[in-house]
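Written below as C-alpha cells is the structure these notes are about.
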Amino acid sequence: MTNPSPQDELRSRRRSALIDVARRLSSTENIDDLIDDILGTSREVMDCEVCSILLHVEETEGDLQIRSTLQVNQSSPVTVPHGKGIAGQVFTTREPINIEDAQKDPRHYTPSSDKSGLVTRAMLTIPLLEGDRCLGVMQAINPNNTPHFDSEDQDIFETFGSLISVTLMRLESQKIAIREAQARQELDLAREIQQSFLPEPKTQFDNLMLEAFYEPASEIGGDFYFWHLLEPGNHVLFGIGDVTGKGLPAALDMTRASTLIASTAQRCLAIGFDQWVTELNEKLCRFMTAGRFIAINCVLLHLPRRRAHLCIAGLPNPKFFDGLAWRDVTAPTNPPLGIAPTVDYQTTKAPLGAAQQLLLYSDGILELTQEGSGAAFEDEAFESTLANLTMLDSKISPLEQVVSAWREFGGPRPAYLDDATLLMASDLSPRPPTDLAFTCNPDNIGEARAFFEEWAQYAGFDEQTTGLLILGADEVLTNIVRHAYPCPENAVGGEGPVTCRVKTDHDALIFNIDHRGSGISNEEFQKLVTEPSPDTRIGGLGGHVINEVFDQIDFQTTPEHSRITLAKNWL
C-alpha cells in the first residue's frame with residue numbers, strides 16, 4: 001500500500017477540521033469565543049501563517065474591525081475604513097479576491113494602528129454572505145508550503161465561510177434555545193438547530209404562492225426545503241432535498257446543503273441554472289463521505305414570464321395541475337448530489353402557464369405505510385388524493401388537503417419509513433376563460449383576436465411571439481369567414497358559429513377552433529403551403545403564414561363539423 005501524498009493528507013485534515021468546527025459552531029454561546037474558534041480552525045484548515053476575520057461595524061456605514069490569529073498587544077481594535085484595501089473591495093463587491101503578492105497590489109492597505117509587523121505576500125479574501133447580506137470578510141495570508149493559494153484552497157475557504165456566516169447570523173437567536181436544550185438529549189438540540197435553517201412554511205412572491213410541509217421520521221430529519229428571491233427580484237429559486245441517512249450525520253449534511261444553496265443562489269442568474277447545480281454538486285462532493293448523497297428537486301422561476309427551469313436529481317418527478325388533471329413533469333433525470341464530482345447536470349424548461357400548481361415531494365410521502373393493511377400511500381392513495389383535490393373555493397389549500405389525506409391514510413400509528421416533505425407552488429395569476437363562442441364574420445374577428453392575445457400574454461410569450469400568434473389566428477379566422485361559410489355574391493364573406501377552446505399541456509399552448517362550414521384536409525393545407533395560388537396572401541388563404549407561426553397544425557373535417565387545431569410550443 002502506498003503512503004498518502006501530502007496533498008491527500010491535507011485534504012483529510014481539512015475535512016476532519018471542517019466537520020469538527022461545524023459541530024462546535026452550533027453550540028458556541030459567546031461571540032468572542034466563537035471568533036477565536038473560527039480563526040484557530042481556519043488557519044489549520046488553510047495551512048497558512050495568519051487568518052483574520054473582519055466584521056462589519058454596525059455603528060458605521062462599512063468599517064471593518066479586524067480580529068486575527070496574530071498575538072499582538074493593541075491599545076484599541078484595528079479597523080479598516082469603509083471601502084479601503086482589498087478587504088473593503090470584497091465587502092463592497094461580495095466577490096472573492098485571490099492575489100499572489102499583496103505588496104505589489106495597489107489595493108493593499110495596512111491600517112496605521114496595526115502594530116503586527118506582518119509582511120503580507122499571498123492573500124485570499126472572501127465575503128461572509130448570508131443571503132443578500134454581507135457580514136464581513138475573512139482573509140487567509142501566506143500559505144505555509146506553497147507560494148500562493150489555488151482554486152481548491154478558495155473552494156475550501158468559501159465553504160468554511162458559508163458555515164460561519166450562518167452561525168454568526170443565528171448565534172443570538174439560538175442562545176436561549178441552546179441553553180434550554182442542554183438539559184435534553186443531543187438529538188433534541190440538533191433538531192431545533194436544523195429546523196432554524198428552514199424558511200417559514202408559507203410565503204408569496206408576486207403571484208407565486210409557496211407552501212411547504214415537513215415531517216421528520218425521527219428526532220432529526222434529513223429532508224429540507226428552501227426558497228430565495230433573487231436580485232433584482234424577478235426570479236425565485238425554490239426546491240426540496242432529501243439527505244441519505246438519519247440522525248446527526250444527515251442533519252449536518254442538510255445544514256451544509258442549505259447553507260451552500262443560500263450563499264450561492266444568486267449565481268443561478270450569472271452562470272446559468274444547470275451550471276449552478278453542477279457547481280453545487282462539485283462542492284458537496286468534497287465533504288460528503290462515501291455512500292452519502294443528497295437527492296434534490298429544484299426550480300428557478302422567472303416571475304414576469306412565468307418560465308421555469310427544473311432540475312430533477314434523485315427525487316420523484318414533480319407533478320403539475322394543468323386546470324384539468326395532475327400530470328407528471330417530463331424532464332431529464334440526474335443522479336443525486338454528492339456522489340460524483342464530474343456530472344454535468346441537465347435541466348428542463350417549462351412554463352408555469354401550463355400549470356396552475358406545481359407539486360414537489362420526497363420519497364417519504366410515497367412510502368408511508370398504512371396501519372394494518374401494509375399498503376403504501378403511493379400504491380393508489382396518492383393519485384386518488386390528487387384527483388379529488390378541491391382546487392378553488394376551498395377553506396383549506398390544496399397542499400393542506402394532501403397532508404390531511406396523507407395523515408388519514410397512515411392512521412393513528414403510521415409507519416414512517418422516511419422523512420416526508422411537500423412543496424406546492426401555486427400560480428395566483430387570473431386565468432383567462434378557456435372558451436369563446438361567437439358568430440364568425442368580419443366584424444367579430446376582433447373579439448377572437450383579443451381571446452388569442454390574452455392567452456398568449458398569460459402563457460408568458462414575448463411581445464414578438466404574441467404578435468405572430470395573433471397574426472396566425474387572424475389568418476385562420478379570415479379563411480373561415482371567406483371560405484368555410486357560403487356568402488352572397490360580391491360580399492366580403494359569410495358568417496357562422498365558431499368556438500375557440502384552449503388547453504395546455506407540458507409542451508404547448510393548444511387552440512381548437514370548431515366551425516360547421518366547409519373544411520379542408522391536412523393534405524389540402526400542405527398543398528396551399530407548398531403551391532401557393534395568387535390568392536394566397538395576408539387576409540386570404542395565407543397557409544404559409546399559419547404554417548410559420550404555429551408548431552403543430554391539424555385539420556379534421558366531416559360533413560357536419562370541422563376542427564382546426566393550432567399548437568404553439570412553450571419554448
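Within each chain, counting starts at residue 1; across the C-alpha cells, chains are named A, B, ... in the order shown, with ligands numbered 1 upward in that order.
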
Quick one: contact table of range 404-454 of chain A to range 467-481 of chain A, 12 Å max, nearest atom pair and distance in Å to one decimal per residue, counting only C-alpha atoms, chain and number order, as a tab-separated table?
```
residue	atom	partner	partner_atom	distance
A:Phe438	CA	A:Leu477	CA	11.5
A:Thr439	CA	A:Val481	CA	9.9
A:Cys440	CA	A:Val481	CA	6.4
A:Asn441	CA	A:Val481	CA	5.7
A:Pro442	CA	A:Val481	CA	7.0
A:Asp443	CA	A:Val481	CA	10.3
A:Asn444	CA	A:Leu477	CA	9.8
A:Ile445	CA	A:Leu477	CA	6.9
A:Gly446	CA	A:Asp474	CA	8.5
A:Glu447	CA	A:Asp474	CA	10.5
A:Ala448	CA	A:Asp474	CA	8.0
A:Arg449	CA	A:Ile470	CA	6.0
A:Ala450	CA	A:Ile470	CA	8.3
A:Phe451	CA	A:Ile470	CA	9.1
A:Phe452	CA	A:Ile470	CA	6.1
A:Glu453	CA	A:Ile470	CA	6.1
A:Glu454	CA	A:Ile470	CA	9.8
```

If we count only C-alpha atoms, what is near Pro216 in chain A at a cut-off of 10 Å, once residues fewer than 5 positions away on the same chain are taken out, given as a PyMOL selection string? chain A and resi 191+221-224+246+364+416-421

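Each of A:Arg94, A:Glu282, A:Phe321, A:Leu366 was compared to Ile339 in chain A using only C-alpha atoms, and A:Glu282 turns out to be the nearest.
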
Neighbouring residues of Pro412 in chain A were defined as those with any atom within 12 Å, considering only C-alpha atoms; residues of the same chain fewer than 5 positions away were excluded. Please report them as a PyMOL selection string. chain A and resi 369-372+406-407

Save out the residues we just selected, N, CA and C atoms, as a PDB file, in the first residue's frame.
```pdb
ATOM      1  N   THR A 369     -46.692   3.876   5.199  1.00  0.00           N
ATOM      2  CA  THR A 369     -47.381   2.584   5.208  1.00  0.00           C
ATOM      3  C   THR A 369     -48.615   2.649   6.093  1.00  0.00           C
ATOM      4  N   GLN A 370     -49.719   2.172   5.558  1.00  0.00           N
ATOM      5  CA  GLN A 370     -50.985   2.192   6.288  1.00  0.00           C
ATOM      6  C   GLN A 370     -50.990   1.130   7.381  1.00  0.00           C
ATOM      7  N   GLU A 371     -51.450   1.533   8.549  1.00  0.00           N
ATOM      8  CA  GLU A 371     -51.533   0.599   9.662  1.00  0.00           C
ATOM      9  C   GLU A 371     -52.515  -0.521   9.322  1.00  0.00           C
ATOM     10  N   GLY A 372     -52.109  -1.737   9.586  1.00  0.00           N
ATOM     11  CA  GLY A 372     -52.984  -2.882   9.355  1.00  0.00           C
ATOM     12  C   GLY A 372     -52.800  -3.494   7.988  1.00  0.00           C
ATOM     13  N   TRP A 406     -53.013  12.334   3.553  1.00  0.00           N
ATOM     14  CA  TRP A 406     -51.820  11.530   3.871  1.00  0.00           C
ATOM     15  C   TRP A 406     -51.860  11.071   5.328  1.00  0.00           C
ATOM     16  N   ARG A 407     -52.199  11.966   6.228  1.00  0.00           N
ATOM     17  CA  ARG A 407     -52.281  11.596   7.649  1.00  0.00           C
ATOM     18  C   ARG A 407     -53.417  10.593   7.882  1.00  0.00           C
TER      19      ARG A 407
END
```

Can you list, as a compact mmCIF listing (two decimals) with N, CA and C atoms, in the first residue's frame, all residues belonging to range 144-299 of chain A that DSSP tags as strand (DSSP E)?
```txt
# COMPACT_ATOMS: atom_id res chain seq x y z
N LYS A 202 -44.94 29.10 4.56
CA LYS A 202 -45.81 29.70 3.55
C LYS A 202 -45.33 31.11 3.26
N THR A 203 -45.20 31.43 1.98
CA THR A 203 -44.81 32.78 1.58
C THR A 203 -45.33 33.05 0.18
N GLN A 204 -45.31 34.31 -0.22
CA GLN A 204 -45.80 34.70 -1.54
C GLN A 204 -44.85 35.69 -2.17
N PHE A 205 -44.51 35.44 -3.44
CA PHE A 205 -43.71 36.35 -4.24
C PHE A 205 -44.55 36.74 -5.46
N LEU A 208 -46.93 34.29 -7.11
CA LEU A 208 -46.49 32.92 -6.81
C LEU A 208 -46.65 32.66 -5.32
N MET A 209 -47.47 31.66 -4.96
CA MET A 209 -47.63 31.24 -3.58
C MET A 209 -46.85 29.95 -3.36
N LEU A 210 -46.00 29.94 -2.32
CA LEU A 210 -45.22 28.75 -1.98
C LEU A 210 -45.64 28.27 -0.60
N GLU A 211 -45.98 26.98 -0.51
CA GLU A 211 -46.36 26.35 0.75
C GLU A 211 -45.56 25.07 0.92
N ALA A 212 -45.13 24.81 2.15
CA ALA A 212 -44.33 23.62 2.41
C ALA A 212 -44.87 22.86 3.62
N PHE A 213 -44.68 21.55 3.59
CA PHE A 213 -44.98 20.68 4.72
C PHE A 213 -43.77 19.78 4.94
N TYR A 214 -43.35 19.67 6.21
CA TYR A 214 -42.18 18.85 6.52
C TYR A 214 -42.41 18.09 7.81
N GLU A 215 -42.21 16.78 7.78
CA GLU A 215 -42.35 15.97 8.98
C GLU A 215 -41.24 14.92 9.00
N ASP A 223 -34.57 15.69 5.41
CA ASP A 223 -35.26 16.44 4.37
C ASP A 223 -35.14 17.94 4.65
N PHE A 224 -35.30 18.73 3.62
CA PHE A 224 -35.35 20.18 3.79
C PHE A 224 -36.02 20.80 2.57
N TYR A 225 -36.45 22.02 2.72
CA TYR A 225 -36.99 22.79 1.61
C TYR A 225 -36.41 24.19 1.68
N PHE A 226 -36.50 24.93 0.57
CA PHE A 226 -35.89 26.26 0.53
C PHE A 226 -36.56 27.10 -0.53
N TRP A 227 -36.49 28.39 -0.35
CA TRP A 227 -36.83 29.34 -1.42
C TRP A 227 -36.08 30.65 -1.18
N HIS A 228 -35.66 31.27 -2.29
CA HIS A 228 -34.87 32.50 -2.23
C HIS A 228 -35.32 33.41 -3.37
N LEU A 229 -35.67 34.63 -3.03
CA LEU A 229 -35.95 35.65 -4.05
C LEU A 229 -34.62 36.27 -4.47
N LEU A 230 -34.31 36.18 -5.76
CA LEU A 230 -33.01 36.62 -6.26
C LEU A 230 -33.10 38.06 -6.77
N HIS A 235 -36.75 36.71 -10.10
CA HIS A 235 -36.55 35.25 -10.11
C HIS A 235 -36.69 34.70 -8.69
N VAL A 236 -37.26 33.50 -8.60
CA VAL A 236 -37.34 32.78 -7.33
C VAL A 236 -36.72 31.39 -7.53
N LEU A 237 -35.82 31.04 -6.63
CA LEU A 237 -35.23 29.70 -6.60
C LEU A 237 -35.88 28.95 -5.45
N PHE A 238 -36.48 27.79 -5.75
CA PHE A 238 -37.11 27.01 -4.68
C PHE A 238 -36.95 25.52 -4.96
N GLY A 239 -37.10 24.70 -3.90
CA GLY A 239 -36.97 23.26 -4.09
C GLY A 239 -36.99 22.51 -2.78
N ILE A 240 -36.81 21.19 -2.87
CA ILE A 240 -36.75 20.32 -1.71
C ILE A 240 -35.53 19.41 -1.85
N GLY A 241 -35.03 18.90 -0.72
CA GLY A 241 -33.89 18.00 -0.71
C GLY A 241 -34.11 16.86 0.27
N ASP A 242 -33.41 15.77 0.04
CA ASP A 242 -33.51 14.57 0.89
C ASP A 242 -32.10 14.03 1.07
N VAL A 243 -31.57 14.17 2.30
CA VAL A 243 -30.23 13.68 2.61
C VAL A 243 -30.31 12.20 2.98
N ILE A 294 -27.21 13.65 -1.52
CA ILE A 294 -28.39 14.48 -1.31
C ILE A 294 -29.21 14.49 -2.60
N ALA A 295 -30.41 13.92 -2.53
CA ALA A 295 -31.34 14.00 -3.66
C ALA A 295 -32.05 15.35 -3.59
N ILE A 296 -32.28 15.94 -4.75
CA ILE A 296 -32.84 17.30 -4.75
C ILE A 296 -33.67 17.52 -6.02
N ASN A 297 -34.78 18.20 -5.86
CA ASN A 297 -35.55 18.74 -6.98
C ASN A 297 -35.65 20.24 -6.78
N CYS A 298 -35.24 21.03 -7.76
CA CYS A 298 -35.26 22.47 -7.57
C CYS A 298 -35.73 23.16 -8.85
N VAL A 299 -36.23 24.37 -8.66
CA VAL A 299 -36.86 25.14 -9.73
C VAL A 299 -36.34 26.57 -9.68
```

Where does DSSP see helix (DSSP H, G or I) in range 255-495 of chain A, if you list the residues as a PyMOL selection string? chain A and resi 255-264+267-271+273-285+352-354+363-367+381-387+398-410+445-458+463-484

For range 119-132 of chain A, list every protein, DNA or RNA residue within 8 Å, evaluated using only C-alpha atoms, and leave out those in the same chain fewer than 2 positions away; present the list as a PyMOL selection string. chain A and resi 86-87+90-91+94-103+117+134-143+147-149+154+157-158+161-162+164-166+169+262-263

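Among A:Ser373, A:Ser151, A:Thr557, A:Thr342, the residue with the shortest atom-to-atom distance to Cys285 in chain A, counting only C-alpha atoms, is A:Thr342.
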
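Between His82 in chain A and the residues A:Arg256, A:Arg267, A:His56, A:His108, the shortest atom-to-atom distance, using only C-alpha atoms, involves A:His56.
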
Please report as a tab-separated table every residue of range 250-315 of chain A lying within 12 Å of range 7-15 of chain A, along with the nearest atom pair and their distance in Å (one decimal), using only C-alpha atoms.
```
residue	atom	partner	partner_atom	distance
A:Leu284	CA	A:Arg15	CA	11.7
A:Cys285	CA	A:Arg15	CA	11.4
A:Arg286	CA	A:Arg15	CA	8.1
A:Phe287	CA	A:Arg15	CA	6.6
A:Met288	CA	A:Arg15	CA	9.4
A:Thr289	CA	A:Arg15	CA	9.5
```

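Each of A:Ser362, A:Gln401, A:Ser218, A:Thr60 was compared to Ser384 in chain A using only C-alpha atoms, and A:Gln401 turns out to be the nearest.
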
Report, in Å to a single decimal, how far apart CA of Gln266 in chain A and CA of Arg292 in chain A are. 26.4 Å

So which one's closest to Ala308 in chain A, A:Pro398, A:Gly460, A:Gly245, A:Pro430? Using only C-alpha atoms, please. A:Gly460
